[in-house]
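Structure file work.txt (compact mmCIF, C-alpha atoms) is printed below.
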# COMPACT_ATOMS: atom_id res chain seq x y z
CA MET A 1173 223.00 149.73 173.70
CA ARG A 1174 226.67 149.67 174.51
CA VAL A 1175 226.07 151.85 177.55
CA ALA A 1176 223.27 149.56 178.69
CA LEU A 1177 225.52 146.51 178.30
CA LEU A 1178 228.33 148.23 180.14
CA SER A 1179 226.14 149.20 183.04
CA LEU A 1180 224.71 145.68 183.12
CA ALA A 1181 228.24 144.34 183.27
CA ALA A 1182 229.06 146.80 186.03
CA ALA A 1183 225.98 145.77 187.97
CA MET A 1184 226.94 142.11 187.64
CA LEU A 1185 230.47 142.81 188.81
CA LEU A 1186 229.05 144.66 191.77
CA LEU A 1187 226.72 141.80 192.60
CA ALA A 1188 229.50 139.24 192.23
CA GLY A 1189 231.55 141.25 194.69
CA LEU A 1190 228.80 142.04 197.13
CA VAL A 1191 226.67 138.95 197.45
CA PRO A 1192 229.22 136.57 198.99
CA ALA A 1193 230.39 139.28 201.39
CA ALA A 1194 226.87 140.04 202.51
CA ARG A 1195 226.12 136.42 203.44
CA ALA A 1196 228.19 135.01 206.27
CA GLN A 1197 229.55 131.68 205.10
CA GLU A 1198 229.76 128.96 207.69
CA ALA A 1199 232.93 127.06 206.90
CA GLY A 1200 233.50 124.62 209.73
CA HIS A 1201 233.58 123.94 213.45
CA VAL A 1202 236.21 123.98 216.15
CA LYS A 1203 236.75 120.43 217.44
CA VAL A 1204 239.93 120.67 219.51
CA VAL A 1205 241.11 123.54 221.72
CA LYS A 1206 244.18 123.62 223.95
CA GLY A 1207 245.43 126.70 225.82
CA THR A 1208 244.74 130.18 224.48
CA VAL A 1209 242.84 130.28 221.17
CA GLN A 1210 240.86 133.21 219.76
CA ILE A 1211 238.69 133.82 216.75
CA ASP A 1212 238.69 137.36 215.37
CA ARG A 1213 235.54 138.03 213.32
CA GLY A 1214 235.41 141.51 211.82
CA GLY A 1215 237.34 143.00 214.73
CA GLN A 1216 235.31 141.18 217.36
CA GLN A 1217 237.16 138.71 219.59
CA LEU A 1218 235.24 135.47 220.09
CA PRO A 1219 236.29 132.64 222.38
CA ALA A 1220 237.18 129.47 220.47
CA THR A 1221 235.28 126.71 222.21
CA VAL A 1222 234.67 123.13 221.08
CA GLY A 1223 231.68 123.28 218.72
CA ALA A 1224 232.13 126.99 217.83
CA ALA A 1225 231.48 127.84 214.17
CA VAL A 1226 234.24 129.15 211.93
CA GLN A 1227 233.32 131.41 209.00
CA SER A 1228 234.96 132.80 205.88
CA GLY A 1229 236.97 135.83 206.94
CA ASP A 1230 237.74 134.59 210.46
CA VAL A 1231 241.24 134.95 211.86
CA VAL A 1232 242.18 132.15 214.26
CA THR A 1233 245.06 132.90 216.65
CA THR A 1234 246.80 130.60 219.11
CA GLY A 1235 248.91 131.69 222.08
CA ALA A 1236 252.29 130.31 223.17
CA ASP A 1237 250.46 127.47 224.96
CA GLY A 1238 247.70 127.11 222.36
CA SER A 1239 246.63 124.75 219.60
CA VAL A 1240 243.36 124.34 217.70
CA GLY A 1241 241.75 121.79 215.38
CA ILE A 1242 238.96 122.67 212.93
CA THR A 1243 236.83 120.34 210.79
CA PHE A 1244 235.45 122.01 207.66
CA LEU A 1245 232.19 121.27 205.86
CA ASP A 1246 233.99 119.42 203.06
CA ASN A 1247 235.80 117.23 205.66
CA SER A 1248 239.08 119.13 205.37
CA LEU A 1249 240.94 119.14 208.69
CA LEU A 1250 243.17 122.08 209.67
CA SER A 1251 245.04 122.20 212.95
CA ALA A 1252 247.41 124.90 214.12
CA GLY A 1253 250.17 124.72 216.73
CA PRO A 1254 251.32 127.43 219.18
CA ASN A 1255 251.94 131.09 218.18
CA SER A 1256 250.01 130.72 214.94
CA VAL A 1257 247.80 133.08 212.95
CA LEU A 1258 245.47 131.35 210.46
CA VAL A 1259 243.13 133.31 208.20
CA ILE A 1260 240.15 131.62 206.53
CA ASP A 1261 240.17 133.79 203.39
CA ARG A 1262 237.41 132.00 201.52
CA PHE A 1263 235.34 128.86 201.92
CA ALA A 1264 232.56 127.82 199.56
CA PHE A 1265 231.36 124.23 199.21
CA ASP A 1266 228.48 122.79 197.22
CA THR A 1267 227.50 119.63 199.13
CA THR A 1268 225.96 118.10 195.99
CA THR A 1269 228.63 118.73 193.34
CA HIS A 1270 231.58 119.12 195.78
CA GLN A 1271 232.64 122.18 193.78
CA GLY A 1272 233.82 125.36 195.45
CA ALA A 1273 236.93 126.99 196.83
CA PHE A 1274 238.94 126.89 200.02
CA GLU A 1275 241.65 129.49 200.51
CA SER A 1276 243.45 130.06 203.76
CA SER A 1277 246.62 131.82 204.88
CA LEU A 1278 249.02 130.89 207.63
CA GLN A 1279 250.62 134.22 208.55
CA LYS A 1280 252.90 132.60 211.11
CA GLY A 1281 253.25 129.40 213.08
CA THR A 1282 252.57 125.77 212.20
CA LEU A 1283 249.69 124.07 210.44
CA ALA A 1284 248.73 120.46 209.71
CA VAL A 1285 246.28 119.89 206.84
CA VAL A 1286 244.24 116.91 205.67
CA SER A 1287 242.47 117.96 202.49
CA GLY A 1288 238.82 117.07 201.95
CA LYS A 1289 236.16 116.77 199.27
CA LEU A 1290 236.93 120.13 197.62
CA ALA A 1291 240.54 119.21 196.79
CA LYS A 1292 239.40 115.77 195.67
CA ALA A 1293 236.76 117.15 193.28
CA SER A 1294 239.01 119.73 191.64
CA PRO A 1295 242.76 120.09 192.03
CA ASP A 1296 242.69 123.88 192.02
CA ALA A 1297 239.97 124.30 194.64
CA MET A 1298 242.26 124.36 197.69
CA LYS A 1299 245.08 126.84 198.25
CA VAL A 1300 247.11 127.58 201.36
CA LYS A 1301 249.17 130.76 201.39
CA THR A 1302 252.02 131.92 203.61
CA PRO A 1303 253.88 135.26 203.49
CA ALA A 1304 256.52 133.53 201.32
CA ALA A 1305 254.69 130.90 199.26
CA VAL A 1306 251.47 129.62 197.72
CA LEU A 1307 250.69 125.92 198.11
CA GLY A 1308 248.60 123.99 195.60
CA VAL A 1309 246.94 120.86 196.97
CA ARG A 1310 246.26 117.62 195.07
CA GLY A 1311 244.25 115.58 197.57
CA THR A 1312 246.77 115.14 200.32
CA GLU A 1313 248.10 115.57 203.85
CA PHE A 1314 250.80 118.10 204.53
CA LEU A 1315 252.48 120.40 207.03
CA VAL A 1316 253.30 124.10 206.89
CA ARG A 1317 255.65 126.13 209.02
CA THR A 1318 256.18 129.81 208.33
CA GLY A 1319 257.85 132.63 210.19
CA ASP A 1320 260.77 134.98 210.00
CA GLY A 1321 264.25 133.57 210.74
CA LYS A 1322 264.24 134.84 214.32
CA GLU A 1323 261.66 132.33 215.46
CA MET B 1239 293.46 153.24 232.87
CA THR B 1240 292.03 155.10 229.89
CA ARG B 1241 293.76 152.57 227.70
CA ALA B 1242 291.98 149.66 229.42
CA VAL B 1243 288.61 151.32 229.07
CA SER B 1244 289.05 152.04 225.38
CA LEU B 1245 290.21 148.43 224.80
CA ARG B 1246 287.13 147.15 226.54
CA ARG B 1247 285.01 149.50 224.48
CA LEU B 1248 286.70 148.21 221.34
CA ALA B 1249 286.02 144.64 222.37
CA GLY B 1250 282.39 145.58 223.01
CA LEU B 1251 282.07 147.14 219.58
CA ALA B 1252 283.66 144.11 217.97
CA SER B 1253 281.22 141.69 219.60
CA LEU B 1254 278.33 143.95 218.63
CA GLY B 1255 279.62 143.83 215.05
CA LEU B 1256 279.78 140.00 215.19
CA LEU B 1257 276.21 139.89 216.47
CA LEU B 1258 275.08 142.11 213.62
CA LEU B 1259 276.92 139.90 211.12
CA ALA B 1260 275.30 136.81 212.61
CA GLY B 1261 271.97 138.57 212.29
CA CYS B 1262 272.57 139.20 208.61
CA ALA B 1263 273.75 135.63 207.95
CA LYS B 1264 270.59 134.22 209.47
CA PRO B 1265 267.99 133.34 206.83
CA ALA B 1266 265.14 135.79 206.46
CA ARG B 1267 262.59 132.98 206.93
CA ASN B 1268 262.45 129.48 208.33
CA ASP B 1269 259.53 128.21 206.21
CA LEU B 1270 259.19 124.44 205.93
CA TYR B 1271 256.61 122.56 203.84
CA VAL B 1272 256.25 118.79 204.18
CA LEU B 1273 254.17 116.19 202.34
CA LEU B 1274 252.96 113.42 204.67
CA PRO B 1275 252.25 109.81 203.74
CA GLY B 1276 248.55 109.18 203.13
CA GLN B 1277 246.47 107.60 205.89
CA ASP B 1278 246.08 103.77 205.79
CA GLY B 1279 248.76 103.33 203.15
CA HIS B 1280 246.97 105.55 200.62
CA ALA B 1281 249.32 107.14 198.15
CA PRO B 1282 250.02 110.72 199.10
CA GLY B 1283 248.72 113.25 196.59
CA ALA B 1284 251.01 116.10 195.70
CA LEU B 1285 251.80 119.53 197.02
CA THR B 1286 253.14 122.34 194.87
CA VAL B 1287 255.15 125.04 196.62
CA GLU B 1288 255.44 128.27 194.66
CA SER B 1289 257.53 131.15 195.92
CA GLY B 1290 258.65 134.22 194.01
CA GLY B 1291 258.25 132.52 190.62
CA LYS B 1292 260.08 129.33 191.69
CA GLN B 1293 258.14 126.11 192.11
CA ALA B 1294 258.71 122.68 193.66
CA THR B 1295 256.37 119.70 193.57
CA LEU B 1296 256.38 117.32 196.53
CA ASP B 1297 254.91 113.90 195.72
CA GLN B 1298 256.82 111.47 197.96
CA PRO B 1299 256.14 110.93 201.68
CA TYR B 1300 258.32 113.20 203.85
CA GLU B 1301 259.50 115.15 200.85
CA ALA B 1302 259.98 118.74 201.97
CA ALA B 1303 260.71 122.22 200.71
CA ARG B 1304 262.45 124.94 202.71
CA VAL B 1305 262.02 128.59 201.85
CA LYS B 1306 264.65 130.79 203.53
CA GLU B 1307 263.70 133.78 201.43
CA PRO B 1308 261.00 134.28 198.81
CA GLY B 1309 262.06 132.79 195.47
CA ASN B 1310 264.50 130.36 197.10
CA VAL B 1311 262.78 126.95 197.28
CA GLU B 1312 265.16 124.22 198.54
CA PRO B 1313 263.89 120.68 198.04
CA GLY B 1314 264.83 117.97 200.54
CA THR B 1315 263.41 115.40 202.91
CA VAL B 1316 262.65 115.25 206.62
CA THR B 1317 262.44 112.32 209.05
CA PRO B 1318 259.29 111.43 211.02
CA GLU B 1319 261.22 112.52 214.15
CA GLN B 1320 261.89 115.96 212.66
CA VAL B 1321 258.20 116.19 211.78
CA GLN B 1322 257.23 115.45 215.39
CA GLN B 1323 259.69 117.99 216.66
CA ALA B 1324 258.54 120.80 214.36
CA PHE B 1325 254.82 120.00 214.15
CA GLY B 1326 253.99 117.91 217.25
CA PRO B 1327 251.37 120.26 218.78
CA ALA B 1328 249.67 120.97 215.41
CA LEU B 1329 249.43 117.22 214.69
CA ALA B 1330 248.18 116.51 218.22
CA ALA B 1331 245.35 119.03 217.67
CA GLN B 1332 244.05 117.26 214.54
CA PRO B 1333 240.32 116.54 214.86
CA PRO B 1334 239.26 112.90 214.43
CA ARG B 1335 238.89 111.98 210.76
CA PRO B 1336 235.36 111.99 209.37
CA VAL B 1337 233.94 108.48 208.86
CA SER B 1338 231.06 107.02 206.90
CA PHE B 1339 229.05 103.83 207.53
CA ILE B 1340 226.42 101.99 205.49
CA LEU B 1341 223.58 100.02 207.11
CA TYR B 1342 221.43 97.69 205.00
CA PHE B 1343 217.67 97.23 205.34
CA LEU B 1344 215.05 94.55 204.73
CA GLU B 1345 213.04 94.84 201.52
CA ASN B 1346 210.34 97.52 201.56
CA ARG B 1347 210.74 98.05 205.34
CA ASP B 1348 212.49 100.31 207.78
CA GLU B 1349 214.04 97.34 209.64
CA LEU B 1350 217.79 96.71 209.59
CA THR B 1351 219.08 93.39 208.26
CA PRO B 1352 220.35 91.14 211.10
CA GLU B 1353 223.93 91.67 209.83
CA ALA B 1354 223.57 95.45 210.14
CA ARG B 1355 222.58 95.46 213.84
CA PRO B 1356 226.12 95.12 215.25
CA ILE B 1357 227.29 97.88 212.90
CA LEU B 1358 224.77 100.22 214.50
CA THR B 1359 226.29 99.42 217.90
CA GLN B 1360 229.72 100.18 216.46
CA ILE B 1361 228.49 103.52 215.08
CA ILE B 1362 227.13 104.55 218.47
CA ALA B 1363 230.50 103.79 220.07
CA GLU B 1364 232.26 105.70 217.30
CA ILE B 1365 230.18 108.86 217.77
CA SER B 1366 231.41 109.19 221.35
CA ARG B 1367 234.97 109.71 220.03
CA TYR B 1368 233.96 112.92 218.25
CA PRO B 1369 234.01 116.30 219.99
CA ALA B 1370 230.89 118.33 219.03
CA PRO B 1371 229.89 115.59 216.56
CA GLU B 1372 228.05 116.45 213.34
CA ILE B 1373 226.03 113.48 212.13
CA VAL B 1374 224.24 113.19 208.79
CA VAL B 1375 221.86 110.25 208.28
CA ILE B 1376 220.84 109.66 204.63
CA GLY B 1377 218.20 107.10 203.67
CA HIS B 1378 218.05 105.28 200.30
CA THR B 1379 215.90 102.62 198.63
CA ASP B 1380 216.10 100.28 195.68
CA ARG B 1381 214.03 101.00 192.56
CA VAL B 1382 211.02 98.80 193.35
CA GLY B 1383 207.93 101.01 193.76
CA THR B 1384 207.10 104.59 192.85
CA LEU B 1385 209.46 107.55 193.28
CA ALA B 1386 207.12 109.09 195.86
CA ARG B 1387 206.82 105.89 197.88
CA ASN B 1388 210.61 105.46 197.86
CA ASP B 1389 211.22 109.06 198.92
CA ALA B 1390 208.97 108.42 201.92
CA LEU B 1391 210.56 105.03 202.69
CA SER B 1392 214.09 106.45 202.54
CA LEU B 1393 213.16 109.18 205.02
CA GLN B 1394 211.47 106.62 207.23
CA ARG B 1395 214.63 104.48 207.27
CA ALA B 1396 216.80 107.49 208.10
CA GLY B 1397 214.34 108.57 210.79
CA ARG B 1398 214.48 105.11 212.42
CA MET B 1399 218.26 105.35 212.61
CA ARG B 1400 218.05 108.85 214.09
CA ASP B 1401 215.68 107.50 216.76
CA GLU B 1402 218.13 104.67 217.53
CA LEU B 1403 221.00 107.14 217.94
CA VAL B 1404 218.93 109.43 220.17
CA LYS B 1405 217.85 106.44 222.26
CA ALA B 1406 221.57 105.67 222.72
CA GLY B 1407 222.11 109.18 224.10
CA VAL B 1408 223.13 111.20 221.03
CA ASP B 1409 221.91 114.82 221.14
CA PRO B 1410 219.18 115.10 218.43
CA ALA B 1411 220.36 118.64 217.63
CA ARG B 1412 223.59 117.11 216.29
CA ILE B 1413 221.79 114.85 213.76
CA ARG B 1414 220.57 115.89 210.31
CA VAL B 1415 218.25 113.51 208.44
CA GLU B 1416 217.86 113.29 204.66
CA GLY B 1417 216.00 110.97 202.28
CA ARG B 1418 217.18 110.44 198.71
CA GLY B 1419 214.65 107.76 197.72
CA GLU B 1420 215.77 105.67 194.77
CA ARG B 1421 217.62 108.62 193.21
CA GLU B 1422 221.17 107.70 194.30
CA PRO B 1423 221.55 103.92 194.07
CA LEU B 1424 224.84 102.41 195.21
CA VAL B 1425 224.43 99.86 192.40
CA PRO B 1426 222.71 101.32 189.32
CA THR B 1427 219.82 99.12 188.13
CA ALA B 1428 216.84 99.29 185.78
CA ASP B 1429 213.59 100.47 187.35
CA GLU B 1430 211.66 97.93 189.48
CA VAL B 1431 214.78 95.84 190.17
CA ALA B 1432 215.07 94.60 193.76
CA GLU B 1433 218.69 95.27 194.82
CA PRO B 1434 219.57 94.68 198.49
CA ARG B 1435 222.70 96.88 198.31
CA ASN B 1436 220.55 99.89 197.44
CA ARG B 1437 218.28 99.48 200.50
CA ARG B 1438 220.50 101.38 202.89
CA VAL B 1439 221.15 104.24 205.25
CA GLU B 1440 224.43 106.09 205.14
CA ILE B 1441 225.65 107.61 208.40
CA ASN B 1442 228.39 110.24 208.16
CA ILE B 1443 230.15 111.40 211.32
CA ARG B 1444 232.63 114.24 211.69
Take the structure in the file and give it back as structure tokens.
Amino acid sequence: MRVALLSLAAAMLLLAGLVPAARAQEAGHVKVVKGTVQIDRGGQQLPATVGAAVQSGDVVTTGADGSVGITFLDNSLLSAGPNSVLVIDRFAFDTTTHQGAFESSLQKGTLAVVSGKLAKASPDAMKVKTPAAVLGVRGTEFLVRTGDGKE
Amino acid sequence: MTRAVSLRRLAGLASLGLLLLAGCAKPARNDLYVLLPGQDGHAPGALTVESGGKQATLDQPYEAARVKEPGNVEPGTVTPEQVQQAFGPALAAQPPRPVSFILYFLENRDELTPEARPILTQIIAEISRYPAPEIVVIGHTDRVGTLARNDALSLQRAGRMRDELVKAGVDPARIRVEGRGEREPLVPTADEVAEPRNRRVEINIR
């Protein structure tokens, strides 16, 4: 019995880990593009054009002349300035209950954020990380700059 | 001659040393986190900045936190000018904010009230401001009539609005239509109550 329970638990853990990864999650759409902007999806470089979809796992990079604005499915707005690397770690949004999670990381550069329905529905749903800090969002607009001291 | 060279070499070494020192004195990071005022005078929410076990909460407009190395969170404030200087391009790339409109309908019909007509014109103008617009049109009814009839009527109302938008030149592929019947009243009522504010179509644009 205990073995059966354990293997059931293991199977559930496996499923919990595998299912979201197996299904590509559409998270939002590119609305504004200036200069050089690229989307890296699983090692594949995609051009960031107005209307292009952004998914969980995507890495959005802007060049020295670049900036990009993305509208997410929960109405969150994220826009990055030049020389930025933004990772969409996780986006899940239930359009009926407004529950879910939105985690992103700014590895370097600048980012402007207007939080959306996820942060409004539950204060812990939205997190923005940088190499030095974790930001918790309570329904708000804010700015993030991160980089080493040389920049 | 040799003396001059060695002096110059010494001077060179000294300036190299100064450079190295300057390098060390420079902060490891130049992280800056800023809470902005809410749009349209809305109170800003709050932002917590956590770094290496230290935490700061920003809850006033233009309140800021600087992190020069992990675990060193310096609270402070910035001016709107400093914000523009540091974040100008990121702010300029912000997509237009999502908006939502409500259009009211005549009882038991898919015709707009006369007051709602100009709002439809306004919505059409608004859509043109949005790059790659995503439009969701959601129909609703009041609670007069059966659930099934109201489901159909709500879809019919939403469909009429979609047709109006398409006629005005909006790409139909950008419009999603939904009908909620009497299930999501704006004003909760008992069944079979005629309530004009529940006879509506909601149009969301982002």
Problem - Residue list for chain B near chain A as a PyMOL selection string, 8 Å, only C-alpha atoms - result: chain B and resi 1264-1276+1282-1290+1305-1308+1325-1329+1331-1333+1335-1336+1369-1370+1444
Completion exercise
Atom pair CA of Ala1354 in chain B + CA of Ile1413 in chain B, distance 19.8 Å
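The space between CA of Asp1297 in chain B and CA of Gln1279 in chain A spans 24.4 Å.
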Exercise for the section: Just the residues within 8 Å of Asn1436 in chain B, please, counting all atoms listed in the file, with nothing from its chain fewer than 3 positions along; format it as a PyMOL selection string. Expected result: chain B and resi 1342+1378-1380+1420+1423-1425+1433
Write the residues you've just listed into a file as a PDB file, in the coordinates of the input, and include C-alpha atoms for each of them.
ATOM      1  CA  TYR B1342     221.430  97.690 205.000  1.00  0.00           C
ATOM      2  CA  HIS B1378     218.050 105.280 200.300  1.00  0.00           C
ATOM      3  CA  THR B1379     215.900 102.620 198.630  1.00  0.00           C
ATOM      4  CA  ASP B1380     216.100 100.280 195.680  1.00  0.00           C
ATOM      5  CA  GLU B1420     215.770 105.670 194.770  1.00  0.00           C
ATOM      6  CA  PRO B1423     221.550 103.920 194.070  1.00  0.00           C
ATOM      7  CA  LEU B1424     224.840 102.410 195.210  1.00  0.00           C
ATOM      8  CA  VAL B1425     224.430  99.860 192.400  1.00  0.00           C
ATOM      9  CA  GLU B1433     218.690  95.270 194.820  1.00  0.00           C
TER      10      GLU B1433
END
Exercise for the section: Just the residues within 8 Å of range 1313-1323 of chain B, please, counting only C-alpha atoms, with nothing from its chain fewer than 6 positions along; format it as a list in words. Expected result: Val1272, Ala1294, Tyr1300, Glu1301, Ala1302, Ala1303 and Arg1304 of chain B
